[in-house]
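Data first, discussion second: the structure below is written as structure tokens.
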Amino acid sequence: MDTEADLFYRQLPKVELHAHLNGSVSFEIMETLIQRKPHLNIEHNMTAIRRGQRRTLDECFQVFKVIHQLVDSEEDILMVAKAVIQEFAADGVKYLELRSTPREVTETGLTKQRYIETVLEAIRQCKQEEVDIDVRFLVAVDRRHGPEVAMETVKLAEDFLLSSDGIVVGLDLSGDPTVGHGKDLLSALQKAKNCGLKLALHLSEVPSQRDESELLLNLPPDRIGHGTFLHPEVGGSDSLVEKVCRQKIPIELCLTSNVKGQTVPSYEKHHFQYWYKRGHPCVLCTDDKGVFCTDLSQEYQLAASTFGLTQEAVWSLSQQAIGYTFAPEPIKNRLEKKWAELKQQILQ
Ligand SMILES: CNc1ncnc2c1ncn2[C@@H]1O[C@H](COP(=O)(O)O)[C@@H](O)[C@H]1O
Ligand SMILES: [Zn+2]
């Protein structure tokens with residue numbers, strides 16, 4: 001049963017800007033997928049990290065491999081994308097930027113082009129069914145696949161930027177941060193930026209990425225994912241912090257993901273505190289709500305209880321996120337209006 005405090009976080013209108021599609025698949029939908037493909041012999045504990053459990057980041061990436069086996073056709077993608085959008089809406093998310101890595105699967109005839117088209121179809125269907133949420137899409141580049149694939153993905157993203165009626169708005173760089181170096185992906189990212197795609201880059205998710213972040217911050221990205229090891233206290237540098245602050249680049253912060261993936265030792269030590277205290281643009285996100293068994297309401301509640309935020313401060317945090325979206329101005333204005341309408345009702 002929801003307590004009154006739980007209710008506040010659930011009712012709070014929210015903006016989700018960092019959600020990987022296949023990491024966001026809920027327990028219930030995962031169950032359906034597992035039953036559909038019994039020959040894979042996949043058990044539920046292979047696809048989710050529950051309360052109190054932790055994994056190394058490396059183990060988290062093994063989990064994605066398992067999920068990718070379960071989601072490998074147009075039919076799967078349509079189902080999963082629609083369900084994820086509906087779940088975010090049910091959690092009070094009013095604006096969602098979903099991201100996903102287009103995949104090709106020969107056995108099912110899936111192509112990267114169809115992959116993206118299917119996600120866009122799911123977004124279209126949700127809109128038609130009047131699900132109360134505005135959804136945009138970021139095409140993801142998996143760093144593990146190297147510069148040629150990155151360039152191909154950028155070209156694909158560029159086509160959709162022009163043809164998707166404003167749904168495709170940007171490019172994400174993600175994947176195992178211990179694999180490859182950003183310098184090899186720089187020209188693809190530069191090209192993406194030049195053609196008008198917004199850039200949301202995972203930066204300094206692990207300590208070994210200092211030089212890479214130094215380089216990628218010169219692009220500069222429009223938003224940073226995690227940025228766990230940017231500041232000098234954890235092995236980053238003043239120069240990195242200076243670049244991020246001067247350019248006021250919003251940081252997407254995912255508390256549960258970082259603690260369960262063990263890049264951050266505890267909630268109290270999460271770098272949310274470091275950036276929030278400086279008044280730097282921060283946005284709370286889920287990363288992979290399915291894998292890490294969380295939702296955005298929980299993330300807000302967790303941040304509030306860990307760092308002693310008042311309901312007023314929580315409200316501002318969610319409202320400020322509107323400004324960090326890649327949505328065009330009229331959509332931002334519409335969201336601002338929605339927040340203003342709901343404020344009296346929700347904030348006592
Ligand atoms: C935990 N921290 C993380 N760090 C980096 N990349 C991550 C990630 N969590 C997820 N992904 C990226 O998202 C993919 C799954 O969703 P999609 O198949 O694209 O929808 C993963 O394979 C990885 O590339
Ligand atoms: Zn992520």
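Each chain of the structure tokens is named A, B, ... in the order shown, its residues numbered from 1; ligands are numbered from 1 in display order.
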Given 7 Å and only C-alpha atoms and all ligand atoms, residues near ligand 1 as number ranges by chain
A: 20-23, 57, 60-61, 64-65, 68, 99-101, 140, 142, 174-177, 202, 257, 261, 287-288
Residues of segment 68-316 of chain A classed as alpha helix (DSSP H) by DSSP on the backbone are to be reported as number ranges by chain.
A: 68-70, 74-90, 112-128, 146-163, 186-194, 210-216, 238-246, 255-260, 272-277, 296-307, 311-316
Near-Gly52 of chain A list (12 Å; only C-alpha atoms; drop same-chain fewer than 6 positions) as a list in words
Thr256, Val259, Lys260, Gly261, Gln262, Ser266, Phe292 and Cys293 of chain A
For the residues in that selection, give me all heavy atoms as a PDB file, in the first residue's frame.
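That gives us part-v6.pdb:
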```pdb
ATOM      1  N   THR A 256      20.002   4.272  -8.342  1.00  0.00           N
ATOM      2  CA  THR A 256      19.928   2.819  -8.138  1.00  0.00           C
ATOM      3  C   THR A 256      20.864   2.083  -9.091  1.00  0.00           C
ATOM      4  O   THR A 256      21.568   1.147  -8.693  1.00  0.00           O
ATOM      5  CB  THR A 256      18.480   2.335  -8.344  1.00  0.00           C
ATOM      6  OG1 THR A 256      17.654   3.020  -7.396  1.00  0.00           O
ATOM      7  CG2 THR A 256      18.348   0.845  -8.128  1.00  0.00           C
ATOM      8  N   VAL A 259      24.465   2.348  -7.838  1.00  0.00           N
ATOM      9  CA  VAL A 259      24.754   1.591  -6.608  1.00  0.00           C
ATOM     10  C   VAL A 259      24.702   0.083  -6.887  1.00  0.00           C
ATOM     11  O   VAL A 259      25.592  -0.665  -6.495  1.00  0.00           O
ATOM     12  CB  VAL A 259      23.801   2.007  -5.455  1.00  0.00           C
ATOM     13  CG1 VAL A 259      23.927   1.065  -4.271  1.00  0.00           C
ATOM     14  CG2 VAL A 259      24.109   3.435  -5.017  1.00  0.00           C
ATOM     15  N   LYS A 260      23.674  -0.349  -7.619  1.00  0.00           N
ATOM     16  CA  LYS A 260      23.575  -1.786  -7.929  1.00  0.00           C
ATOM     17  C   LYS A 260      24.679  -2.241  -8.877  1.00  0.00           C
ATOM     18  O   LYS A 260      25.127  -3.374  -8.816  1.00  0.00           O
ATOM     19  CB  LYS A 260      22.201  -2.110  -8.514  1.00  0.00           C
ATOM     20  CG  LYS A 260      21.095  -2.099  -7.456  1.00  0.00           C
ATOM     21  CD  LYS A 260      19.815  -2.734  -7.976  1.00  0.00           C
ATOM     22  CE  LYS A 260      18.793  -2.898  -6.853  1.00  0.00           C
ATOM     23  NZ  LYS A 260      17.517  -3.437  -7.332  1.00  0.00           N
ATOM     24  N   GLY A 261      25.121  -1.354  -9.742  1.00  0.00           N
ATOM     25  CA  GLY A 261      26.212  -1.688 -10.657  1.00  0.00           C
ATOM     26  C   GLY A 261      27.584  -1.455 -10.043  1.00  0.00           C
ATOM     27  O   GLY A 261      28.608  -1.659 -10.695  1.00  0.00           O
ATOM     28  N   GLN A 262      27.559  -0.996  -8.774  1.00  0.00           N
ATOM     29  CA  GLN A 262      28.770  -0.856  -7.949  1.00  0.00           C
ATOM     30  C   GLN A 262      29.819   0.126  -8.469  1.00  0.00           C
ATOM     31  O   GLN A 262      31.002  -0.015  -8.175  1.00  0.00           O
ATOM     32  CB  GLN A 262      29.433  -2.218  -7.740  1.00  0.00           C
ATOM     33  CG  GLN A 262      28.565  -3.149  -6.927  1.00  0.00           C
ATOM     34  CD  GLN A 262      29.276  -4.448  -6.587  1.00  0.00           C
ATOM     35  OE1 GLN A 262      30.485  -4.463  -6.431  1.00  0.00           O
ATOM     36  NE2 GLN A 262      28.543  -5.509  -6.462  1.00  0.00           N
ATOM     37  N   SER A 266      27.649   3.729  -2.170  1.00  0.00           N
ATOM     38  CA  SER A 266      26.396   3.787  -1.400  1.00  0.00           C
ATOM     39  C   SER A 266      25.589   4.982  -1.885  1.00  0.00           C
ATOM     40  O   SER A 266      26.129   5.870  -2.551  1.00  0.00           O
ATOM     41  CB  SER A 266      26.691   3.967   0.094  1.00  0.00           C
ATOM     42  OG  SER A 266      27.269   5.249   0.302  1.00  0.00           O
ATOM     43  N   PHE A 292      17.282  -2.936 -13.020  1.00  0.00           N
ATOM     44  CA  PHE A 292      17.601  -2.504 -11.660  1.00  0.00           C
ATOM     45  C   PHE A 292      16.376  -2.446 -10.747  1.00  0.00           C
ATOM     46  O   PHE A 292      16.471  -1.981  -9.605  1.00  0.00           O
ATOM     47  CB  PHE A 292      18.329  -1.151 -11.694  1.00  0.00           C
ATOM     48  CG  PHE A 292      19.650  -1.219 -12.430  1.00  0.00           C
ATOM     49  CD1 PHE A 292      19.863  -0.525 -13.607  1.00  0.00           C
ATOM     50  CD2 PHE A 292      20.680  -2.024 -11.952  1.00  0.00           C
ATOM     51  CE1 PHE A 292      21.072  -0.605 -14.295  1.00  0.00           C
ATOM     52  CE2 PHE A 292      21.895  -2.119 -12.633  1.00  0.00           C
ATOM     53  CZ  PHE A 292      22.098  -1.410 -13.808  1.00  0.00           C
ATOM     54  N   CYS A 293      15.240  -2.951 -11.243  1.00  0.00           N
ATOM     55  CA  CYS A 293      14.008  -3.010 -10.443  1.00  0.00           C
ATOM     56  C   CYS A 293      13.686  -1.694  -9.737  1.00  0.00           C
ATOM     57  O   CYS A 293      13.610  -1.636  -8.499  1.00  0.00           O
ATOM     58  CB  CYS A 293      14.094  -4.126  -9.394  1.00  0.00           C
ATOM     59  SG  CYS A 293      14.396  -5.724 -10.096  1.00  0.00           S
TER      60      CYS A 293
END
```
Could you give me, as CSV, every segment 140-252 of chain A residue with an atom at most 7 Å from segment 321-340 of chain A, plus its closest atom pair and distance in Å to one decimal, counting only C-alpha atoms, rows ordered by chain then number?
```
residue,atom,partner,partner_atom,distance
A:Val169,CA,A:Phe326,CA,6.4
A:Lys198,CA,A:Phe326,CA,6.9
A:Pro250,CA,A:Tyr324,CA,6.6
```
Expected file contents, prior selection, all heavy atoms, as a PDB file, in the first residue's frame:
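Result went into selection_38.pdb, see below:
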```
ATOM      1  N   VAL A 169      15.199  12.705 -31.933  1.00  0.00           N
ATOM      2  CA  VAL A 169      15.781  14.020 -31.621  1.00  0.00           C
ATOM      3  C   VAL A 169      17.284  13.979 -31.374  1.00  0.00           C
ATOM      4  O   VAL A 169      17.941  15.008 -31.367  1.00  0.00           O
ATOM      5  CB  VAL A 169      15.091  14.678 -30.391  1.00  0.00           C
ATOM      6  CG1 VAL A 169      13.695  15.153 -30.758  1.00  0.00           C
ATOM      7  CG2 VAL A 169      15.046  13.735 -29.193  1.00  0.00           C
ATOM      8  N   LYS A 198      20.905  15.972 -31.285  1.00  0.00           N
ATOM      9  CA  LYS A 198      21.410  16.320 -29.955  1.00  0.00           C
ATOM     10  C   LYS A 198      22.212  15.143 -29.432  1.00  0.00           C
ATOM     11  O   LYS A 198      21.888  13.978 -29.719  1.00  0.00           O
ATOM     12  CB  LYS A 198      20.244  16.587 -29.000  1.00  0.00           C
ATOM     13  CG  LYS A 198      19.375  17.741 -29.426  1.00  0.00           C
ATOM     14  CD  LYS A 198      20.025  19.041 -29.080  1.00  0.00           C
ATOM     15  CE  LYS A 198      19.076  20.203 -29.346  1.00  0.00           C
ATOM     16  NZ  LYS A 198      19.735  21.483 -29.173  1.00  0.00           N
ATOM     17  N   PRO A 250      23.783  19.587 -18.638  1.00  0.00           N
ATOM     18  CA  PRO A 250      23.004  18.814 -17.659  1.00  0.00           C
ATOM     19  C   PRO A 250      23.538  17.383 -17.509  1.00  0.00           C
ATOM     20  O   PRO A 250      23.963  16.773 -18.492  1.00  0.00           O
ATOM     21  CB  PRO A 250      21.597  18.803 -18.264  1.00  0.00           C
ATOM     22  CG  PRO A 250      21.555  19.948 -19.218  1.00  0.00           C
ATOM     23  CD  PRO A 250      22.948  20.090 -19.747  1.00  0.00           C
TER      24      PRO A 250
END
```
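Restricting the calculation to only C-alpha atoms and all ligand atoms, the smallest distance between ligand 2 and any of A:Glu299, A:Glu212, A:Glu341, A:Asp172 is found for A:Asp172.
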Taking only segment 172-219 of chain A into account, list the residues labelled strand (DSSP E) by DSSP (computed from the backbone), as a ChimeraX atom specification.
/A:172-174,198-203
Quick one: residues within 8 Å of Glu214 of chain A, only C-alpha atoms counted, chain neighbours fewer than 4 positions away excluded, as an MDAnalysis selection string?
chainID A and resid 210 218 240
Could the residues in this selection be written to a file with N, CA and C atoms, as a CSV table (one decimal), in the first residue's frame?
```csv
chain,number,residue,atom,x,y,z
A,210,ARG,N,39.1,9.3,-18.1
A,210,ARG,CA,39.4,10.7,-17.9
A,210,ARG,C,39.8,11.4,-19.2
A,218,ASN,N,34.8,18.4,-25.5
A,218,ASN,CA,35.0,19.5,-26.4
A,218,ASN,C,34.0,19.6,-27.5
A,240,LEU,N,38.0,18.9,-16.0
A,240,LEU,CA,36.7,18.3,-16.5
A,240,LEU,C,35.5,19.0,-15.9
```
Write out as a list in words the residues lying within 7 Å of Ser204 of chain A, counting only C-alpha atoms and excluding same-chain residues fewer than 4 positions away.
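Selected residues are Gln209, Arg210, Ser213, Gly227, Thr228, Phe229 and Leu230 of chain A.
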Can those selected residues be exported to a file as a PDB file, in the first residue's frame so that it contains N, CA and C atoms?
```pdb
ATOM      1  N   GLN A 209      38.178   6.645 -17.687  1.00  0.00           N
ATOM      2  CA  GLN A 209      37.766   7.387 -18.892  1.00  0.00           C
ATOM      3  C   GLN A 209      38.125   8.870 -18.888  1.00  0.00           C
ATOM      4  N   ARG A 210      39.117   9.258 -18.070  1.00  0.00           N
ATOM      5  CA  ARG A 210      39.406  10.685 -17.912  1.00  0.00           C
ATOM      6  C   ARG A 210      39.778  11.360 -19.227  1.00  0.00           C
ATOM      7  N   SER A 213      36.826  11.584 -21.626  1.00  0.00           N
ATOM      8  CA  SER A 213      35.856  12.627 -21.269  1.00  0.00           C
ATOM      9  C   SER A 213      36.392  14.000 -21.640  1.00  0.00           C
ATOM     10  N   GLY A 227      28.429  10.570 -15.502  1.00  0.00           N
ATOM     11  CA  GLY A 227      29.511  11.482 -15.098  1.00  0.00           C
ATOM     12  C   GLY A 227      30.032  11.171 -13.698  1.00  0.00           C
ATOM     13  N   THR A 228      30.044   9.891 -13.375  1.00  0.00           N
ATOM     14  CA  THR A 228      30.367   9.453 -12.010  1.00  0.00           C
ATOM     15  C   THR A 228      31.787   9.844 -11.578  1.00  0.00           C
ATOM     16  N   PHE A 229      32.720   9.804 -12.523  1.00  0.00           N
ATOM     17  CA  PHE A 229      34.129  10.024 -12.142  1.00  0.00           C
ATOM     18  C   PHE A 229      34.714  11.294 -12.764  1.00  0.00           C
ATOM     19  N   LEU A 230      33.886  12.337 -12.866  1.00  0.00           N
ATOM     20  CA  LEU A 230      34.376  13.588 -13.464  1.00  0.00           C
ATOM     21  C   LEU A 230      35.138  14.440 -12.460  1.00  0.00           C
TER      22      LEU A 230
END
```
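Shortest atom-to-atom contact with Gln319 of chain A among A:Val139, A:Ala90, A:Leu12, A:Leu217: A:Leu12, counting only C-alpha atoms.
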Best match for closeness to Phe88 of chain A among A:Asp184, A:Asp134, A:Glu28, A:Glu107, counting only C-alpha atoms:
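Going through A:Asp184, A:Asp134, A:Glu28, A:Glu107 one by one, the smallest distance to Phe88 of chain A is for A:Asp134.
Across A:Thr310, A:Gln301, A:Thr108, A:Thr286, the tightest approach to ligand 2 is made by A:Thr286 when counting only C-alpha atoms and all ligand atoms.
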Which residues are near Arg143 of chain A? Cut-off 12 Å, only C-alpha atoms, ignore same chain within fewer than 4 positions. Put them as a PyMOL selection string.
chain A and resi 101+147-151+153+172-186+188-189+201-203
So, counting only C-alpha atoms and all ligand atoms, which residue among A:Pro265, A:Gly170, A:Gly225, A:Pro281 is closest to ligand 2?
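Ranked by minimum distance to ligand 2, first place goes to A:Gly225.
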Neighbours of Ile249 of chain A within 8 Å (only C-alpha atoms; same-chain residues fewer than 4 positions away dropped), as JSON, numbers by chain?
{"A": [221, 222, 223, 224, 244, 245, 281]}
Expected file contents, prior selection, C-alpha atoms, as a CSV table (one decimal), in the first residue's frame:
```csv
chain,number,residue,atom,x,y,z
A,221,PRO,CA,27.6,17.0,-25.6
A,222,ASP,CA,24.2,18.4,-24.9
A,223,ARG,CA,23.8,16.1,-21.9
A,224,ILE,CA,26.0,13.8,-19.9
A,244,VAL,CA,31.0,20.8,-17.6
A,245,CYS,CA,30.2,23.8,-15.4
A,281,PRO,CA,21.7,21.2,-13.9
```
Kindly indicate which residue among A:Ile346, A:Ile251, A:Met46, A:Leu284 lies nearest to Gln311 of chain A, using only C-alpha atoms for the distances.
A:Ile346
